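Undergrad: My structure file run.txt, compact mmCIF, C-alpha atoms and all ligand atoms, is below:
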```
# COMPACT_ATOMS: atom_id res chain seq x y z
CA MET B 6 -45.46 60.00 159.80
CA ASP B 7 -45.38 61.68 163.20
CA PHE B 8 -46.17 65.34 163.76
CA GLU B 9 -45.08 66.96 166.98
CA LEU B 10 -47.27 69.99 167.31
CA SER B 11 -44.72 71.98 169.30
CA GLN B 12 -42.37 71.76 166.29
CA LEU B 13 -44.90 73.23 163.86
CA ASN B 14 -45.59 76.91 163.31
CA ALA B 15 -49.18 78.18 163.60
CA LYS B 16 -49.87 77.86 159.87
CA GLU B 17 -48.59 74.29 159.72
CA ALA B 18 -50.53 73.28 162.83
CA TYR B 19 -53.70 74.85 161.43
CA SER B 20 -53.25 73.06 158.12
CA LEU B 21 -52.63 69.71 159.84
CA LEU B 22 -55.51 69.88 162.31
CA THR B 23 -58.07 71.18 159.83
CA SER B 24 -57.15 68.23 157.61
CA CYS B 25 -57.60 65.78 160.50
CA ILE B 26 -60.78 67.15 162.06
CA VAL B 27 -63.05 66.48 159.10
CA PRO B 28 -65.65 66.98 157.82
CA ARG B 29 -66.59 70.07 159.80
CA PRO B 30 -70.06 71.62 159.71
CA ILE B 31 -70.08 75.27 158.74
CA ALA B 32 -71.88 77.91 160.78
CA TRP B 33 -72.88 80.61 158.33
CA VAL B 34 -73.36 83.41 160.82
CA THR B 35 -75.38 86.56 160.20
CA THR B 36 -75.10 89.59 162.47
CA LEU B 37 -75.93 93.29 162.43
CA ASP B 38 -73.43 96.09 162.81
CA GLU B 39 -74.04 99.35 164.67
CA ASN B 40 -75.49 100.96 161.52
CA GLY B 41 -77.89 98.09 160.94
CA ILE B 42 -75.82 96.65 158.07
CA PHE B 43 -75.95 92.88 157.69
CA ASN B 44 -72.81 90.83 158.04
CA ALA B 45 -72.42 87.19 156.99
CA ALA B 46 -69.39 84.94 157.48
CA PRO B 47 -68.68 81.19 157.65
CA PHE B 48 -67.01 79.49 160.62
CA SER B 49 -66.13 75.81 160.61
CA TYR B 50 -64.77 75.63 164.14
CA PHE B 51 -68.39 74.98 164.95
CA THR B 52 -70.54 72.53 166.85
CA GLY B 53 -73.45 72.04 169.22
CA VAL B 54 -72.37 71.61 172.83
CA SER B 55 -75.39 71.07 175.05
CA ILE B 56 -79.13 70.50 175.04
CA GLU B 57 -80.35 71.99 178.34
CA PRO B 58 -79.96 74.79 177.51
CA PRO B 59 -79.42 74.22 173.78
CA LEU B 60 -76.00 75.77 173.25
CA THR B 61 -73.90 76.01 170.13
CA LEU B 62 -70.41 77.45 169.75
CA PHE B 63 -68.01 78.62 167.11
CA ALA B 64 -64.45 79.88 167.40
CA VAL B 65 -63.15 83.02 165.75
CA GLU B 66 -59.48 83.85 165.42
CA ARG B 67 -58.11 87.40 165.25
CA ARG B 68 -57.41 89.02 161.89
CA GLN B 69 -54.08 90.86 162.09
CA GLY B 70 -54.60 91.12 165.83
CA GLU B 71 -58.11 92.58 165.50
CA LYS B 72 -61.45 91.00 166.32
CA LYS B 73 -63.45 90.01 163.25
CA ASP B 74 -66.67 91.88 162.48
CA THR B 75 -68.86 88.93 163.51
CA VAL B 76 -67.45 88.99 167.05
CA ILE B 77 -67.63 92.79 167.32
CA ASN B 78 -71.28 92.70 166.20
CA ILE B 79 -72.24 89.88 168.60
CA GLU B 80 -70.53 91.61 171.52
CA ARG B 81 -72.72 94.63 170.81
CA THR B 82 -76.09 93.10 169.91
CA LYS B 83 -75.78 89.76 171.80
CA GLU B 84 -77.59 88.07 168.92
CA PHE B 85 -76.79 86.09 165.77
CA VAL B 86 -78.24 83.55 163.34
CA VAL B 87 -76.54 80.35 162.19
CA ASN B 88 -77.64 79.49 158.63
CA LEU B 89 -77.07 76.05 157.08
CA VAL B 90 -74.62 75.75 154.17
CA THR B 91 -75.87 73.44 151.41
CA SER B 92 -74.82 72.45 147.89
CA SER B 93 -77.00 75.22 146.45
CA ASN B 94 -75.57 78.12 148.49
CA VAL B 95 -71.95 77.05 149.03
CA GLU B 96 -70.51 79.43 146.39
CA GLN B 97 -72.30 82.35 148.04
CA MET B 98 -71.04 81.21 151.45
CA ASN B 99 -67.52 81.37 150.08
CA ILE B 100 -67.99 84.95 148.87
CA THR B 101 -69.03 85.99 152.37
CA SER B 102 -65.71 84.72 153.77
CA LYS B 103 -64.00 87.62 152.00
CA ASP B 104 -62.74 90.44 154.18
CA PHE B 105 -65.22 93.14 153.17
CA GLN B 106 -65.14 96.69 154.52
CA VAL B 107 -67.16 96.98 157.72
CA ASP B 108 -69.83 99.15 156.11
CA GLN B 109 -70.37 96.86 153.09
CA ASP B 110 -73.59 94.86 152.91
CA GLU B 111 -72.16 91.36 152.45
CA LEU B 112 -75.49 89.72 151.75
CA LYS B 113 -76.09 92.06 148.81
CA LEU B 114 -72.55 91.62 147.48
CA ALA B 115 -72.94 87.84 147.57
CA GLY B 116 -76.37 87.98 145.92
CA LEU B 117 -78.15 86.81 149.04
CA THR B 118 -81.59 87.78 150.30
CA PRO B 119 -82.02 88.77 153.96
CA VAL B 120 -85.28 87.67 155.57
CA ARG B 121 -86.60 88.85 158.90
CA SER B 122 -85.74 86.47 161.72
CA LYS B 123 -88.47 85.40 164.16
CA VAL B 124 -86.98 86.48 167.51
CA VAL B 125 -83.58 88.14 166.95
CA SER B 126 -82.74 91.32 165.06
CA PRO B 127 -80.03 89.99 162.68
CA PRO B 128 -81.65 88.70 159.49
CA SER B 129 -81.54 85.12 158.26
CA ILE B 130 -80.41 84.11 154.77
CA LYS B 131 -83.32 83.17 152.49
CA GLU B 132 -81.09 80.97 150.32
CA SER B 133 -80.39 78.75 153.33
CA PRO B 134 -83.07 76.20 154.35
CA ILE B 135 -82.33 76.20 158.09
CA HIS B 136 -81.96 79.22 160.38
CA MET B 137 -80.95 78.85 164.02
CA GLU B 138 -81.58 82.08 165.89
CA CYS B 139 -79.27 82.51 168.86
CA LYS B 140 -78.83 84.77 171.86
CA LEU B 141 -75.32 85.17 173.19
CA ASP B 142 -74.57 83.07 176.25
CA GLN B 143 -70.92 84.09 176.66
CA ILE B 144 -67.69 84.72 174.80
CA ILE B 145 -64.57 83.07 176.16
CA GLU B 146 -61.14 84.18 174.97
CA ILE B 147 -58.73 81.25 174.57
CA GLY B 148 -55.11 80.81 173.53
CA SER B 149 -52.36 83.32 172.98
CA SER B 150 -53.38 84.18 169.40
CA PRO B 151 -56.23 84.48 170.83
CA HIS B 152 -59.55 82.98 169.64
CA SER B 153 -63.04 84.03 170.75
CA LEU B 154 -65.25 81.07 171.62
CA VAL B 155 -68.72 82.41 170.92
CA ILE B 156 -71.33 80.40 172.80
CA GLY B 157 -74.95 81.04 171.91
CA GLU B 158 -78.27 79.67 173.07
CA VAL B 159 -80.46 78.52 170.20
CA ILE B 160 -83.83 80.16 170.76
CA GLN B 161 -85.66 79.47 167.52
CA VAL B 162 -85.09 77.16 164.57
CA THR B 163 -86.81 77.67 161.22
CA VAL B 164 -86.65 74.86 158.66
CA ASP B 165 -88.04 75.00 155.10
CA ASP B 166 -91.38 73.15 155.13
CA ASP B 167 -90.42 70.75 152.32
CA LEU B 168 -87.53 69.48 154.44
CA VAL B 169 -89.73 68.40 157.32
CA GLU B 170 -91.79 65.22 157.61
CA GLU B 171 -93.67 64.32 160.79
CA GLY B 172 -91.66 66.88 162.72
CA LYS B 173 -88.30 65.49 161.63
CA ILE B 174 -85.82 66.88 159.15
CA LYS B 175 -85.42 64.75 156.04
CA MET B 176 -81.68 64.13 156.18
CA GLU B 177 -81.44 62.83 152.63
CA HIS B 178 -82.86 66.10 151.26
CA LEU B 179 -80.66 68.51 153.19
CA HIS B 180 -77.57 68.44 150.94
CA ALA B 181 -75.49 69.93 153.76
CA VAL B 182 -71.87 70.78 152.94
CA GLY B 183 -68.90 70.12 155.20
CA ARG B 184 -65.44 71.60 155.21
CA MET B 185 -62.33 69.47 154.78
CA GLY B 186 -58.71 70.65 154.86
CA GLY B 187 -57.35 73.31 152.50
CA LYS B 188 -59.73 74.15 149.67
CA TRP B 189 -61.65 70.88 150.00
CA TYR B 190 -65.30 70.54 150.85
CA THR B 191 -67.65 67.56 150.93
CA LYS B 192 -71.28 67.10 149.93
CA THR B 193 -73.49 64.85 152.03
CA GLU B 194 -75.00 62.94 149.14
CA GLN B 195 -74.29 59.38 150.27
CA LEU B 196 -76.05 58.92 153.58
CA PHE B 197 -76.35 55.62 155.37
CA GLU B 198 -77.81 54.43 158.67
CA LEU B 199 -76.33 52.57 161.59
CA PRO B 200 -78.43 51.01 164.33
CA ARG B 201 -78.61 53.21 167.42
CA LEU B 202 -77.05 51.29 170.29
CA ASP B 203 -77.99 51.76 173.90
CA TRP B 204 -75.46 54.50 174.70
CA ARG B 205 -77.87 57.25 175.57
CA LYS B 206 -79.37 57.46 179.07
CA ALA B 207 -81.92 60.08 178.10
CA ASP B 208 -84.87 58.72 176.20
CA ILE B 209 -84.32 60.68 172.99
CA LYS B 210 -85.87 58.98 169.98
C1 LIG M 1 -65.68 77.43 155.05
C2 LIG M 1 -64.96 78.47 155.88
C3 LIG M 1 -64.82 78.27 157.25
C4 LIG M 1 -64.19 79.23 158.06
N1 LIG M 1 -64.07 78.99 159.39
C5 LIG M 1 -63.50 79.92 160.19
C6 LIG M 1 -63.42 79.69 161.60
O1 LIG M 1 -63.85 78.65 162.13
N2 LIG M 1 -62.87 80.68 162.36
C7 LIG M 1 -62.40 81.85 161.82
O2 LIG M 1 -61.93 82.71 162.55
N3 LIG M 1 -62.48 82.08 160.48
C8 LIG M 1 -63.04 81.16 159.66
N4 LIG M 1 -63.15 81.40 158.31
C9 LIG M 1 -62.76 82.72 157.79
C10 LIG M 1 -63.86 83.78 158.03
O3 LIG M 1 -65.07 83.39 157.39
C11 LIG M 1 -63.39 85.13 157.44
O4 LIG M 1 -62.29 85.60 158.18
C12 LIG M 1 -64.47 86.20 157.39
O5 LIG M 1 -64.02 87.27 156.60
C13 LIG M 1 -64.84 86.75 158.74
O6 LIG M 1 -65.83 87.72 158.49
P1 LIG M 1 -66.19 88.92 159.46
O7 LIG M 1 -64.98 89.81 159.59
O8 LIG M 1 -67.34 89.58 158.75
O9 LIG M 1 -66.58 88.34 160.77
C14 LIG M 1 -63.71 80.43 157.48
C15 LIG M 1 -63.83 80.62 156.07
C16 LIG M 1 -64.44 79.65 155.30
C17 LIG M 1 -64.56 79.86 153.81
```
Reformat the file's structure so that it appears as structure tokens.
TA:
Amino acid sequence: MDFELSQLNAKEAYSLLTSCIVPRPIAWVTTLDENGIFNAAPFSYFTGVSIEPPLTLFAVERRQGEKKDTVINIERTKEFVVNLVTSSNVEQMNITSKDFQVDQDELKLAGLTPVRSKVVSPPSIKESPIHMECKLDQIIEIGSSPHSLVIGEVIQVTVDDDLVEEGKIKMEHLHAVGRMGGKWYTKTEQLFELPRLDWRKADIK
């Protein structure tokens, strides 16, 4: 079947593309509002984009024409934390996708525990085993809807000790969760290896 994107409305195009670009990692982003209240929300338009400097980005659409709280908070504080979504915290992640009132403490409502981050002021989520603390690099507005592309530099990464062996993260113990289309998610329980071919110029082992 062929889909011509110009013939689809925004909802149809979203549904199609988020079913084709799969599985997507989920940035579970924590920020602080102007009253110091924690905000948490998941974003699956998310990836890493460079190493020098180490940049990550996620894209945030408007909600009824208004910027979402995560973007408003990052514009103000220039800081955020990306927490990893795993099989054991995925239900709580989902709760934080709800459109809470700005002054509601989403971590508390989702039964999550904030822990002090190492270098940025927004807290990290204790129930998540990996915290990537980021400083804002830039926000680029794209599209007519529009979307905010939030680009952050990863300054500090904290990984639960039992997930690290000889300085490397034990992939088979992460249980990371990815987002598929619609209501579907996937667990990373069946990992396998492929030989690394000589495609990388840099000597990264
Ligand atoms: C798994 C998942 C992924 C999501 N990804 C995105 C995304 O990439 N961009 C976006 O704008 N909203 C995304 N959402 C919706 C936001 O999480 C939701 O609008 C949230 O309420 C925003 O919170 P905030 O207003 O506190 O920033 C996603 C929701 C879920 C459950």
Undergrad: List all protein, DNA and RNA residues that have an atom no more than 6 Å from any atom of ligand LIG 1 (chain M), counting all atoms listed in the file, and report them as a list in words.
TA: Asn44, Ala45, Ala46, Pro47, Phe48, Ser49, Tyr50, Ala64, Val65, Glu66, Lys73, Asp74, Thr75, Asn99, Ser102, Lys103, Asp104 and Arg184 of chain B
Undergrad: Write out as a PyMOL selection string which residues come within 8 Å of stretch 26-39 of chain B when counting all atoms listed in the file, dropping same-chain ones fewer than 3 positions away.
TA: chain B and resi 22-23+42-52+63+74-75+78-79+81-82+84-90+98+126-130+182-186+190-191
Undergrad: Could you tell me how far atom CA of B:Ser150 sits from atom CA of B:Ala18, in Å to one decimal place?
TA: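 Computed distance, atom CA of B:Ala18 to atom CA of B:Ser150, equals 13.0 Å.
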Undergrad: Skipping near chain neighbours, those fewer than 3 positions away, what residues fall within 8 Å of B:His180 using all atoms listed in the file, listed as a ChimeraX atom specification?
TA: /B:91-92,176-177,192-194
Undergrad: Around the point (-81.9, 74.9, 157.9) in the file's coordinates, collect all residues with an atom within 7 Å, using all atoms listed in the file, and return them as a PyMOL selection string.
TA: chain B and resi 88-89+133-136+163-165
Undergrad: Please indicate the distance in Å from atom CA of B:Ser153 to atom CA of B:Leu60, rounded to one decimal place.
TA: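 Straight-line distance from atom CA of B:Ser153 to atom CA of B:Leu60 works out to 15.6 Å.
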Undergrad: Pick out the closest residue to B:Val95 from this set: B:Ala181, B:Ala15, B:Met6, B:Ile77. Count only C-alpha atoms.
TA: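 Among the listed residues, the smallest separation from B:Val95 belongs to B:Ala181.
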Undergrad: Report the distance between atom CA of B:Gln12 and atom CA of B:Pro151 in Å, rounded to one decimal place.
TA: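 Separation of atom CA of B:Gln12 and atom CA of B:Pro151: 19.4 Å.
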Undergrad: Smallest atom-to-atom distance to B:Ser20: which of B:Lys83, B:Lys72, B:Lys188, B:Arg201, using all atoms listed in the file?
TA: B:Lys188
Undergrad: My structure is short of atoms at stretch 11-25 of chain B; please model N, CA and C atoms there, returning them as an mmCIF file, in the coordinates of the input.
TA:
```
data_model
loop_
_atom_site.group_PDB
_atom_site.id
_atom_site.type_symbol
_atom_site.label_atom_id
_atom_site.label_comp_id
_atom_site.auth_asym_id
_atom_site.auth_seq_id
_atom_site.Cartn_x
_atom_site.Cartn_y
_atom_site.Cartn_z
ATOM 1 N N SER B 11 -45.567 70.899 168.797
ATOM 2 C CA SER B 11 -44.720 71.980 169.300
ATOM 3 C C SER B 11 -43.629 72.360 168.281
ATOM 4 N N GLN B 12 -43.401 71.483 167.300
ATOM 5 C CA GLN B 12 -42.370 71.760 166.290
ATOM 6 C C GLN B 12 -42.959 72.454 165.047
ATOM 7 N N LEU B 13 -44.257 72.614 165.029
ATOM 8 C CA LEU B 13 -44.900 73.230 163.860
ATOM 9 C C LEU B 13 -45.195 74.704 164.147
ATOM 10 N N ASN B 14 -45.130 75.537 163.096
ATOM 11 C CA ASN B 14 -45.590 76.910 163.310
ATOM 12 C C ASN B 14 -47.117 76.929 163.204
ATOM 13 N N ALA B 15 -47.717 78.094 163.492
ATOM 14 C CA ALA B 15 -49.180 78.180 163.600
ATOM 15 C C ALA B 15 -49.848 77.763 162.288
ATOM 16 N N LYS B 16 -49.256 78.166 161.167
ATOM 17 C CA LYS B 16 -49.870 77.860 159.870
ATOM 18 C C LYS B 16 -49.842 76.352 159.608
ATOM 19 N N GLU B 17 -48.720 75.742 159.933
ATOM 20 C CA GLU B 17 -48.590 74.290 159.720
ATOM 21 C C GLU B 17 -49.551 73.515 160.633
ATOM 22 N N ALA B 18 -49.639 73.967 161.876
ATOM 23 C CA ALA B 18 -50.530 73.280 162.830
ATOM 24 C C ALA B 18 -51.985 73.420 162.386
ATOM 25 N N TYR B 19 -52.332 74.614 161.922
ATOM 26 C CA TYR B 19 -53.700 74.850 161.430
ATOM 27 C C TYR B 19 -54.000 73.922 160.256
ATOM 28 N N SER B 20 -53.062 73.873 159.325
ATOM 29 C CA SER B 20 -53.250 73.060 158.120
ATOM 30 C C SER B 20 -53.399 71.574 158.482
ATOM 31 N N LEU B 21 -52.571 71.111 159.424
ATOM 32 C CA LEU B 21 -52.630 69.710 159.840
ATOM 33 C C LEU B 21 -53.966 69.389 160.521
ATOM 34 N N LEU B 22 -54.309 70.198 161.520
ATOM 35 C CA LEU B 22 -55.510 69.880 162.310
ATOM 36 C C LEU B 22 -56.794 70.024 161.508
ATOM 37 N N THR B 23 -56.842 71.027 160.618
ATOM 38 C CA THR B 23 -58.070 71.180 159.830
ATOM 39 C C THR B 23 -58.157 70.136 158.719
ATOM 40 N N SER B 24 -57.083 69.369 158.529
ATOM 41 C CA SER B 24 -57.150 68.230 157.610
ATOM 42 C C SER B 24 -57.470 66.933 158.359
ATOM 43 N N CYS B 25 -57.324 66.968 159.679
ATOM 44 C CA CYS B 25 -57.600 65.780 160.500
ATOM 45 C C CYS B 25 -59.005 65.822 161.096
#
```
